[in-house]
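K.L.:
Here you go, this is upload-v4.csv (CSV, C-alpha atoms).
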chain,number,residue,atom,x,y,z
A,1,MET,CA,77.8,1.9,105.4
A,2,LYS,CA,77.4,4.9,103.1
A,3,ILE,CA,73.9,5.8,101.9
A,4,ILE,CA,72.6,8.2,99.4
A,5,LYS,CA,69.0,9.5,98.8
A,6,VAL,CA,67.5,9.0,95.4
A,7,GLY,CA,66.8,12.2,93.5
A,8,ASN,CA,63.6,14.2,92.8
A,9,LEU,CA,61.5,12.8,95.7
A,10,LEU,CA,58.3,14.8,96.3
A,11,THR,CA,56.9,15.0,99.8
A,12,LYS,CA,53.7,16.1,101.4
A,13,HIS,CA,53.7,16.6,105.2
A,14,TYR,CA,50.9,15.9,107.5
A,15,ASP,CA,50.8,15.8,111.4
A,16,GLU,CA,51.9,12.3,111.9
A,17,HIS,CA,52.9,11.2,108.5
A,18,VAL,CA,54.7,12.2,105.4
A,19,ILE,CA,53.6,11.1,101.9
A,20,VAL,CA,56.6,10.5,99.6
A,21,PHE,CA,56.3,10.2,95.9
A,22,ASP,CA,59.3,8.6,94.1
A,23,PRO,CA,59.2,9.5,90.4
A,24,ASN,CA,61.9,7.0,89.7
A,25,THR,CA,59.7,4.1,90.6
A,26,GLY,CA,56.3,5.7,90.4
A,27,GLN,CA,55.6,4.5,93.9
A,28,THR,CA,53.9,6.6,96.7
A,29,HIS,CA,54.6,5.8,100.3
A,30,CYS,CA,53.0,6.8,103.5
A,31,LEU,CA,55.7,7.0,106.2
A,32,ASP,CA,56.1,8.1,109.8
A,33,SER,CA,56.8,11.9,109.8
A,34,ASN,CA,60.1,11.3,111.6
A,35,VAL,CA,61.4,9.6,108.5
A,36,ASN,CA,61.3,12.9,106.8
A,37,GLU,CA,63.9,14.3,109.2
A,38,VAL,CA,66.2,11.5,108.1
A,39,LEU,CA,65.4,12.0,104.4
A,40,ASN,CA,66.0,15.8,104.7
A,41,HIS,CA,69.4,15.2,106.2
A,42,LEU,CA,70.6,13.0,103.4
A,43,PRO,CA,72.0,14.5,100.2
A,44,THR,CA,71.2,13.2,96.8
A,45,ASN,CA,74.6,13.9,95.3
A,46,LYS,CA,77.1,12.7,97.9
A,47,PRO,CA,77.2,9.4,99.8
A,48,TYR,CA,76.8,9.8,103.6
A,49,GLN,CA,78.0,7.6,106.4
A,50,SER,CA,75.1,6.1,108.2
A,51,SER,CA,77.1,6.4,111.5
A,52,GLN,CA,77.4,10.1,110.9
A,53,LEU,CA,73.7,10.4,110.4
A,54,LYS,CA,73.0,8.6,113.6
A,55,GLN,CA,75.5,10.7,115.5
A,56,PHE,CA,73.7,13.8,114.2
A,57,PHE,CA,70.5,12.7,115.8
A,58,MET,CA,72.1,11.4,119.0
A,59,GLN,CA,73.9,14.6,120.1
A,60,ASP,CA,73.6,15.3,123.8
A,61,CYS,CA,71.8,12.0,124.5
A,62,ALA,CA,72.4,9.7,127.4
A,63,ASN,CA,73.7,6.2,126.6
A,64,ASP,CA,70.3,4.5,126.9
A,65,GLU,CA,68.7,7.1,124.7
A,66,LYS,CA,71.6,6.6,122.2
A,67,THR,CA,70.9,2.9,122.1
A,68,MET,CA,67.2,3.5,121.5
A,69,LEU,CA,67.8,6.1,118.8
A,70,ASN,CA,70.5,4.0,117.1
A,71,ASP,CA,68.0,1.1,116.8
A,72,TYR,CA,65.2,3.4,115.7
A,73,ILE,CA,67.3,5.1,113.0
A,74,GLN,CA,68.7,1.8,111.8
A,75,ASP,CA,65.1,0.6,111.4
A,76,MET,CA,64.3,3.7,109.3
A,77,ILE,CA,67.4,3.2,107.1
A,78,ASP,CA,66.5,-0.5,106.6
A,79,ASN,CA,62.9,0.5,105.7
A,80,LEU,CA,64.1,3.3,103.3
A,81,LEU,CA,66.5,0.9,101.6
A,82,GLN,CA,63.7,-1.6,101.1
A,83,LEU,CA,61.5,1.1,99.6
A,84,LYS,CA,64.4,2.2,97.4
A,85,LEU,CA,64.1,5.8,98.7
A,86,ILE,CA,67.8,5.6,99.7
A,87,ARG,CA,70.5,3.4,98.2
A,88,ALA,CA,73.5,1.8,99.9
A,89,TYR,CA,76.6,3.3,98.2
A,90,SER,CA,79.5,1.2,97.2
A,91,LEU,CA,82.6,2.1,95.1
B,92,MET,CA,20.7,32.0,76.7
B,93,SER,CA,20.7,29.5,73.9
B,94,THR,CA,18.5,26.5,74.2
B,95,LYS,CA,20.2,23.2,73.7
B,96,THR,CA,18.6,20.5,71.7
B,97,THR,CA,18.2,17.3,73.7
B,98,LEU,CA,17.5,13.7,72.7
B,99,ASN,CA,14.0,14.3,73.8
B,100,SER,CA,13.5,16.2,70.6
B,101,LEU,CA,13.8,12.9,68.7
B,102,ASN,CA,11.2,10.2,68.6
B,103,ALA,CA,12.0,6.5,69.1
B,104,TYR,CA,12.2,5.9,65.4
B,105,GLU,CA,14.6,8.8,64.8
B,106,ILE,CA,16.9,7.7,67.7
B,107,SER,CA,16.9,4.1,66.3
B,108,GLN,CA,17.7,5.3,62.8
B,109,GLN,CA,20.5,7.6,63.9
B,110,LEU,CA,22.0,4.8,66.0
B,111,ARG,CA,21.8,2.4,63.1
B,112,ASN,CA,23.2,4.8,60.5
B,113,ASP,CA,25.9,7.4,61.1
B,114,GLY,CA,25.5,7.3,64.9
B,115,LEU,CA,23.9,9.4,67.6
B,116,VAL,CA,26.1,12.2,68.8
B,117,VAL,CA,25.6,13.0,72.5
B,118,ALA,CA,27.4,15.4,74.9
B,119,VAL,CA,28.2,13.6,78.1
B,120,GLY,CA,29.7,16.1,80.4
B,121,PRO,CA,32.9,17.5,78.9
B,122,PHE,CA,33.0,14.6,76.4
B,123,VAL,CA,31.2,14.0,73.1
B,124,PHE,CA,30.2,10.4,72.2
B,125,CYS,CA,29.1,9.1,68.8
B,126,ILE,CA,27.1,6.0,69.6
B,127,LYS,CA,26.2,3.4,66.9
B,128,SER,CA,24.2,0.3,67.3
B,129,SER,CA,21.4,-1.6,65.4
B,130,LEU,CA,20.2,-3.3,68.6
B,131,ALA,CA,16.7,-2.4,69.7
B,132,SER,CA,17.6,-2.6,73.4
B,133,ILE,CA,20.2,0.1,73.0
B,134,ALA,CA,17.7,2.4,71.2
B,135,ASN,CA,15.1,1.8,73.9
B,136,ASN,CA,17.4,2.4,76.8
B,137,VAL,CA,19.1,5.5,75.2
B,138,GLN,CA,15.7,7.0,74.6
B,139,ARG,CA,14.6,6.2,78.2
B,140,ILE,CA,17.7,7.2,80.1
B,141,TYR,CA,19.5,9.8,77.9
B,142,GLY,CA,16.5,12.0,76.9
B,143,ASP,CA,17.8,15.1,78.7
B,144,PHE,CA,21.3,14.9,77.3
B,145,GLN,CA,22.4,17.4,74.7
B,146,LEU,CA,22.1,16.2,71.1
B,147,LEU,CA,25.0,17.2,68.9
B,148,SER,CA,25.8,16.7,65.2
B,149,HIS,CA,28.6,15.1,63.2
B,150,HIS,CA,29.9,18.7,62.7
B,151,ASP,CA,30.8,18.9,66.3
B,152,LEU,CA,34.2,17.6,67.7
B,153,ILE,CA,33.6,14.0,68.7
B,154,ASP,CA,35.8,12.5,71.4
B,155,PHE,CA,34.8,8.8,71.2
B,156,TYR,CA,33.2,6.8,68.4
B,157,VAL,CA,31.6,3.8,70.2
B,158,SER,CA,29.5,1.0,69.0
B,159,ILE,CA,27.7,-2.1,70.1
B,160,LYS,CA,27.7,-4.8,67.4
B,161,LYS,CA,26.8,-8.4,67.0
B,162,PRO,CA,29.7,-10.5,66.0
B,163,LYS,CA,29.9,-12.1,62.6
B,164,GLY,CA,29.5,-15.8,62.4
B,165,LEU,CA,27.8,-18.4,64.5
B,166,ARG,CA,27.5,-16.3,67.7
B,167,ARG,CA,25.3,-13.9,65.9
B,168,PHE,CA,22.5,-16.6,66.1
B,169,ILE,CA,23.5,-19.2,68.7
B,170,LYS,CA,23.3,-17.7,72.2
B,171,PRO,CA,23.8,-14.3,70.5
B,172,GLN,CA,26.6,-12.1,71.7
B,173,ILE,CA,27.6,-8.5,71.4
B,174,ASN,CA,30.9,-6.6,71.3
B,175,PHE,CA,31.8,-3.1,72.4
B,176,TYR,CA,34.0,-1.1,70.1
B,177,CYS,CA,35.8,2.2,70.6
B,178,ASP,CA,37.3,3.4,67.3
B,179,ASP,CA,37.1,-0.2,66.0
B,180,TYR,CA,39.0,-1.5,69.0
B,181,SER,CA,37.2,-4.0,71.2
B,182,PRO,CA,38.7,-3.9,74.8
B,183,PHE,CA,36.3,-6.5,76.3
B,184,LEU,CA,35.3,-10.1,75.7
B,185,PRO,CA,31.9,-10.4,74.0
B,186,LEU,CA,28.9,-10.6,76.3
B,187,PRO,CA,25.4,-12.0,75.9
B,188,ALA,CA,23.2,-9.8,73.7
B,189,SER,CA,20.9,-9.2,76.6
B,190,GLN,CA,23.7,-7.2,78.3
B,191,ALA,CA,24.0,-4.7,75.4
B,192,PHE,CA,23.1,-1.5,77.4
B,193,PRO,CA,25.2,-2.3,80.5
B,194,LEU,CA,28.1,-3.1,78.1
B,195,LEU,CA,27.6,0.3,76.4
B,196,GLU,CA,27.7,2.0,79.8
B,197,TRP,CA,30.8,0.1,80.9
B,198,GLY,CA,32.4,0.8,77.6
B,199,MET,CA,31.8,4.6,77.9
B,200,ASN,CA,33.3,4.5,81.3
B,201,TRP,CA,36.3,2.7,79.9
B,202,CYS,CA,36.8,5.4,77.2
B,203,ILE,CA,36.9,8.1,79.8
B,204,ALA,CA,39.1,6.2,82.2
B,205,GLN,CA,41.6,5.3,79.5
B,206,HIS,CA,41.8,8.7,77.8
B,207,ALA,CA,40.9,11.6,80.0
B,208,HIS,CA,44.3,12.2,81.5
B,209,HIS,CA,43.9,15.9,81.7
B,210,HIS,CA,41.9,15.1,84.8
B,211,LEU,CA,42.7,13.2,88.0
B,212,LEU,CA,40.1,10.3,87.7
B,213,LEU,CA,38.8,8.7,90.8
B,214,HIS,CA,36.5,5.7,91.1
B,215,SER,CA,33.9,7.7,93.0
B,216,ALA,CA,30.5,9.1,93.1
B,217,VAL,CA,30.3,12.9,93.3
B,218,LEU,CA,27.3,15.0,94.3
B,219,GLU,CA,26.7,18.6,95.2
B,220,LYS,CA,24.2,20.6,97.3
B,221,ASN,CA,24.3,24.3,98.2
B,222,GLY,CA,27.6,24.6,96.4
B,223,LYS,CA,29.2,21.9,98.6
B,224,SER,CA,30.5,18.9,96.8
B,225,VAL,CA,31.1,15.4,98.3
B,226,ILE,CA,33.4,12.9,96.7
B,227,LEU,CA,32.6,9.3,97.7
B,228,PRO,CA,35.5,7.1,96.7
B,229,ALA,CA,34.9,3.4,97.2
B,230,GLN,CA,35.6,0.0,95.8
B,231,SER,CA,32.8,-2.1,94.3
B,232,GLY,CA,30.4,-3.5,96.8
B,233,SER,CA,30.7,-0.7,99.3
B,234,GLY,CA,27.2,0.6,98.5
B,235,LYS,CA,28.5,3.7,96.7
B,236,SER,CA,26.0,3.7,93.9
B,237,THR,CA,23.0,3.1,96.2
B,238,LEU,CA,24.1,6.0,98.4
B,239,CYS,CA,24.7,8.1,95.3
B,240,ALA,CA,21.2,7.3,94.1
B,241,LEU,CA,19.6,8.1,97.5
B,242,LEU,CA,21.3,11.4,97.6
B,243,ALA,CA,20.5,12.2,94.0
B,244,LEU,CA,16.8,11.5,94.8
B,245,ASN,CA,17.0,13.8,97.9
B,246,GLY,CA,18.0,17.1,96.4
B,247,TRP,CA,21.6,16.5,95.6
B,248,ARG,CA,22.9,17.3,92.1
B,249,LEU,CA,24.5,14.3,90.6
B,250,LEU,CA,27.9,15.0,89.1
B,251,SER,CA,28.8,11.3,88.7
B,252,ASP,CA,28.0,7.9,89.9
B,253,GLU,CA,31.2,6.3,88.8
B,254,MET,CA,34.0,8.7,88.3
B,255,ALA,CA,35.3,12.0,89.8
B,256,LEU,CA,36.9,14.2,87.2
B,257,ILE,CA,39.2,16.7,88.9
B,258,ASP,CA,40.8,19.3,86.7
B,259,LEU,CA,44.6,19.2,87.1
B,260,LYS,CA,44.9,23.0,86.8
B,261,SER,CA,41.9,24.4,88.5
B,262,ASN,CA,41.2,21.5,91.0
B,263,GLN,CA,37.5,21.9,90.0
B,264,LEU,CA,35.2,18.9,89.8
B,265,HIS,CA,33.6,18.4,86.3
B,266,ALA,CA,30.2,16.7,86.0
B,267,LEU,CA,29.2,13.8,83.9
B,268,ALA,CA,25.7,13.2,85.2
B,269,ARG,CA,25.6,9.8,83.6
B,270,PRO,CA,23.0,7.1,84.6
B,271,ILE,CA,23.5,5.5,88.0
B,272,SER,CA,24.3,1.9,87.7
B,273,LEU,CA,22.5,-0.1,90.4
B,274,LYS,CA,23.0,-3.7,91.3
B,275,ASN,CA,20.9,-6.5,92.9
B,276,GLU,CA,19.1,-5.4,96.0
B,277,SER,CA,19.9,-1.7,95.4
B,278,ILE,CA,17.4,-1.7,92.5
B,279,ASN,CA,14.6,-2.6,94.9
B,280,ILE,CA,15.8,-0.2,97.6
B,281,ILE,CA,15.8,2.7,95.2
B,282,GLN,CA,12.5,1.7,93.5
B,283,GLN,CA,10.9,1.7,96.9
B,284,GLN,CA,11.9,5.3,97.6
B,285,ASN,CA,9.0,7.7,97.6
B,286,CYS,CA,10.3,9.5,94.5
B,287,GLU,CA,9.7,9.5,90.8
B,288,THR,CA,12.4,7.3,89.3
B,289,ILE,CA,13.0,6.1,85.7
B,290,PHE,CA,15.0,2.9,85.2
B,291,GLY,CA,16.5,1.3,82.2
B,292,GLU,CA,15.7,-2.3,81.5
B,293,ILE,CA,16.7,-4.8,84.3
B,294,VAL,CA,19.4,-7.1,83.1
B,295,ASP,CA,20.0,-10.4,85.0
B,296,ASP,CA,23.1,-12.6,85.1
B,297,THR,CA,25.8,-10.0,84.4
B,298,ASN,CA,29.2,-10.4,86.0
B,299,LYS,CA,28.0,-7.9,88.6
B,300,GLY,CA,24.6,-9.7,89.1
B,301,THR,CA,21.3,-8.0,88.2
B,302,ILE,CA,21.9,-4.5,86.8
B,303,SER,CA,19.7,-1.5,86.0
B,304,HIS,CA,20.4,2.1,85.3
B,305,LEU,CA,18.7,5.0,87.0
B,306,LYS,CA,18.0,8.0,84.8
B,307,PRO,CA,19.8,11.1,86.2
B,308,SER,CA,17.6,14.1,87.1
B,309,LYS,CA,16.9,16.7,84.5
B,310,VAL,CA,18.5,19.4,86.7
B,311,SER,CA,21.7,17.4,87.0
B,312,VAL,CA,22.0,17.0,83.3
B,313,GLN,CA,21.1,20.6,82.6
B,314,GLN,CA,23.8,21.8,85.0
B,315,VAL,CA,26.4,19.4,83.7
B,316,GLU,CA,28.7,22.2,82.6
B,317,ASN,CA,28.8,23.7,86.1
B,318,THR,CA,32.0,22.8,87.8
B,319,VAL,CA,32.3,22.9,91.6
B,320,ALA,CA,35.2,23.0,94.1
B,321,PRO,CA,35.8,19.9,96.1
B,322,TYR,CA,34.4,20.3,99.7
B,323,ALA,CA,34.5,16.9,101.4
B,324,ILE,CA,35.8,13.4,100.8
B,325,VAL,CA,33.7,10.7,102.4
B,326,PHE,CA,34.8,7.0,102.2
B,327,PRO,CA,31.4,5.2,102.6
B,328,LYS,CA,30.8,1.6,103.7
B,329,TYR,CA,27.4,0.0,104.0
B,330,GLN,CA,27.2,-2.4,107.0
B,331,ALA,CA,23.9,-4.0,107.6
B,332,LYS,CA,22.3,-3.3,111.0
B,333,GLN,CA,25.1,-1.0,112.1
B,334,PRO,CA,24.4,2.5,113.5
B,335,ILE,CA,25.9,5.3,111.6
B,336,GLN,CA,29.5,6.0,112.4
B,337,VAL,CA,31.4,9.0,111.0
B,338,ASN,CA,35.1,9.5,111.8
B,339,ALA,CA,37.4,12.3,110.6
B,340,THR,CA,40.2,10.6,108.7
B,341,ASP,CA,43.7,11.9,109.0
B,342,LYS,CA,44.9,13.5,105.8
B,343,ALA,CA,47.7,11.0,105.1
B,344,THR,CA,45.2,8.1,105.3
B,345,ALA,CA,42.8,10.0,103.0
B,346,PHE,CA,45.6,10.7,100.6
B,347,MET,CA,46.4,7.0,100.3
B,348,GLY,CA,42.7,6.2,100.1
B,349,VAL,CA,42.3,8.6,97.2
B,350,ILE,CA,45.3,7.0,95.4
B,351,GLU,CA,43.8,3.5,95.8
B,352,ASN,CA,40.7,4.7,94.1
B,353,SER,CA,42.3,6.5,91.3
B,354,PHE,CA,42.2,5.2,87.7
B,355,ASN,CA,45.2,7.3,86.5
B,356,TYR,CA,47.3,8.4,89.4
B,357,SER,CA,50.2,6.3,88.3
B,358,ILE,CA,50.0,7.6,84.7
B,359,LEU,CA,49.9,11.2,85.9
B,360,ALA,CA,53.0,10.7,88.1
B,361,GLU,CA,54.1,14.1,89.5
B,362,ALA,CA,51.0,15.9,88.3
B,363,GLY,CA,48.9,13.2,90.0
B,364,PHE,CA,50.8,13.6,93.3
B,365,LYS,CA,50.3,17.4,93.1
B,366,ALA,CA,46.6,17.0,92.2
B,367,VAL,CA,45.9,14.7,95.2
B,368,SER,CA,47.9,17.0,97.5
B,369,GLN,CA,45.8,19.9,96.4
B,370,LEU,CA,42.6,17.9,96.7
B,371,ILE,CA,43.4,16.7,100.3
B,372,ASP,CA,44.4,20.2,101.3
B,373,SER,CA,41.1,21.7,100.1
B,374,THR,CA,38.7,19.1,101.6
B,375,GLN,CA,37.5,17.7,104.9
B,376,CYS,CA,37.9,13.9,105.0
B,377,HIS,CA,35.7,11.3,106.7
B,378,THR,CA,35.0,7.6,106.9
B,379,LEU,CA,31.4,6.7,107.0
B,380,THR,CA,29.8,3.4,108.1
B,381,TYR,CA,26.0,3.2,107.8
B,382,SER,CA,22.9,1.1,107.3
B,383,SER,CA,20.0,3.4,107.9
B,384,THR,CA,18.8,5.6,105.0
B,385,GLU,CA,17.4,8.3,107.3
B,386,GLU,CA,20.6,8.5,109.3
B,387,VAL,CA,22.9,8.7,106.3
B,388,LEU,CA,20.7,11.4,104.6
B,389,ALA,CA,20.7,13.4,107.8
B,390,PHE,CA,24.5,13.3,107.9
B,391,PHE,CA,24.9,14.5,104.4
B,392,GLU,CA,22.2,17.2,104.9
B,393,GLU,CA,24.3,18.5,107.8
B,394,LEU,CA,27.4,18.4,105.7
B,395,ALA,CA,25.7,20.6,103.1
B,396,HIS,CA,24.7,23.3,105.5
What do you get writing this file as structure tokens?

P.N.:
Amino acid sequence: MKIIKVGNLLTKHYDEHVIVFDPNTGQTHCLDSNVNEVLNHLPTNKPYQSSQLKQFFMQDCANDEKTMLNDYIQDMIDNLLQLKLIRAYSL
Amino acid sequence: MSTKTTLNSLNAYEISQQLRNDGLVVAVGPFVFCIKSSLASIANNVQRIYGDFQLLSHHDLIDFYVSIKKPKGLRRFIKPQINFYCDDYSPFLPLPASQAFPLLEWGMNWCIAQHAHHHLLLHSAVLEKNGKSVILPAQSGSGKSTLCALLALNGWRLLSDEMALIDLKSNQLHALARPISLKNESINIIQQQNCETIFGEIVDDTNKGTISHLKPSKVSVQQVENTVAPYAIVFPKYQAKQPIQVNATDKATAFMGVIENSFNYSILAEAGFKAVSQLIDSTQCHTLTYSSTEEVLAFFEELAH
């Protein structure tokens, strides 16, 4: 699946959380700070393979760690899709 | 220093006449209201509660033209009702005539909340002591106004009982120093304090129960033009028979708490996000659960020193 981050997001970082304001929807979200790493990695102008994203975060990991990270990142992607902070890209 | 003319310079008859005719022009913090009404209860309460406020004239720039009027027709006589108008627009349903003064107060709040979008507006009490301000954002029923009145009667300067006005550019808090709206048991609690208090009339059976307004201190009204930097945000909650509990709130939770209590965050959009970010950066944030007056006053005293 290809995903793309929506444009013009504003973020404010705190220790454990990141506050994300989406001017497209007017919504403000309080998210786990790890989500920000995923958001930062995603471009707003070019669709990105979610598998590629996972691979980036899973470098040098053992198989059990990869499984755990894969599930964790997939959860984040699902959550971000639901919040409309990223969109699934289709031609 | 120029001396400002206050409503105290007018007698009851003059206040009543101005309210009946062209309207009484009063400065309320950074806003100017022109108030019109022929109702005696409005004149009585305005004289009692707004005496220390600055009296202006029709030559000054007026922000809001408000009035409390009886409706035409049957409901003028049968179970008489009253309406609130701002610029001839009535945003609320009519209320019983006995609720005229609370309706005027709610209407004035409505005017500010609907129009003052050059500020971030929070549903919150704001007080200041020793240059340290506390913002008390809370939903109705949390004991915010009672706590606000207790602090105001114990040496804190009242900036607002109902609304924090945070300047979008300077991040400074502006004061309103309007009357403190007390409900139900709070009225007795504050009347029993060993302090000199002046209340407006007690009005029963409103949507919020029994209501009365506490006159703000003269000092608070005189210093209404003094802005102050935000120092602390405290989310208060009264819980009967519970010992005081104060917890530092993580900044992200405080951020969301501030948004929940904002009147215009969604209207301000990006400017609102930046204003809340700046506010959270510049303040310490706590949650407070309390029941004892002595304990809660001691906590705030410590905060101010």

K.L.:
So which residues touch region 283-298 of chain B within 12 Å, counting all atoms listed in the file, skipping near sequence neighbours fewer than 2 positions away, as a VMD selection string?

P.N.:
chain B and resid 131 to 142 184 186 to 194 196 to 197 237 240 to 246 270 to 281 300 to 309 384 to 385

K.L.:
Would you kindly return, as a ChimeraX atom specification, each protein, DNA or RNA residue with an atom no farther than 10 Å from any atom of Val35 (chain A), considering only C-alpha atoms and excluding same-chain residues fewer than 4 positions away?

P.N.:
/A:17-18,31,39-40,73,76-77,79-80

K.L.:
Out of A:Asn63, A:Ser50, A:Asn24, A:Thr11, which residue has the shortest atom-to-atom distance to Ser357 (chain B) when counting only C-alpha atoms?

P.N.:
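For Ser357 (chain B), the nearest of the given residues is A:Asn24.
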
K.L.:
Would you mind listing, as a PyMOL selection string, all residues of chain B that have at least one atom within 8 Å of chain A, where only C-alpha atoms are what counts?

P.N.:
chain B and resi 342-343+347+357+360-361+364+368

K.L.:
Env of Leu81 (chain A): 12 Å cut, atoms = all atoms listed in the file, seq-sep filter 2 positions within chain, self excluded. Answer as a list in words.

P.N.:
Met1, Lys2, Ile3, Ile4, Lys5, Val6, Leu39, Gln74, Asp75, Met76, Ile77, Asp78, Asn79, Leu83, Lys84, Leu85, Ile86, Arg87, Ala88 and Tyr89 of chain A

K.L.:
One decimal, in Å: what's the spacing between CA of Leu218 (chain B) and CA of Trp201 (chain B)?

P.N.:
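One can read the CA of Leu218 (chain B) to CA of Trp201 (chain B) distance as 21.0 Å.
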
K.L.:
Work out how far apart CA of Asp71 (chain A) and CA of Lys54 (chain A) are and give it in Å to one decimal.

P.N.:
9.6 Å

K.L.:
Please identify all polymer residues within 8 Å of Val38 (chain A), counting only C-alpha atoms, omitting same-chain residues fewer than 4 positions from it, and present them as a list in words.

P.N.:
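Answer for this query is Asn34, Leu42 and Leu53 of chain A.
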
K.L.:
Which residues, written as a PyMOL selection string, have at least one atom at most 9 Å from Leu238 (chain B), with all atoms listed in the file counted and residues fewer than 6 positions away on the same chain left out?

P.N.:
chain B and resi 216+327+329+384+387-388

K.L.:
May I have the protein, DNA and RNA residues with any atom at most 8 Å from the point (33.8, 3.4, 100.4), counting only C-alpha atoms, written as JSON, numbers by chain?

P.N.:
{"B": [227, 228, 229, 230, 233, 234, 235, 325, 326, 327, 328, 378, 379]}

K.L.:
Could you put an axis-aligned box around every listed atom of region 33-44 of chain A, padded by 4 Å on each side, and send me its centre and edge lengths in Å to one decimal, as AutoDock Vina command-line options?

P.N.:
--center_x 64.4 --center_y 12.7 --center_z 104.2 --size_x 23.2 --size_y 14.2 --size_z 22.8

K.L.:
For a test of reading the model, state the distance in Å between CA of Ile159 (chain B) and CA of Ile126 (chain B), rounded to one decimal.

P.N.:
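Going from CA of Ile159 (chain B) over to CA of Ile126 (chain B) covers 8.1 Å.
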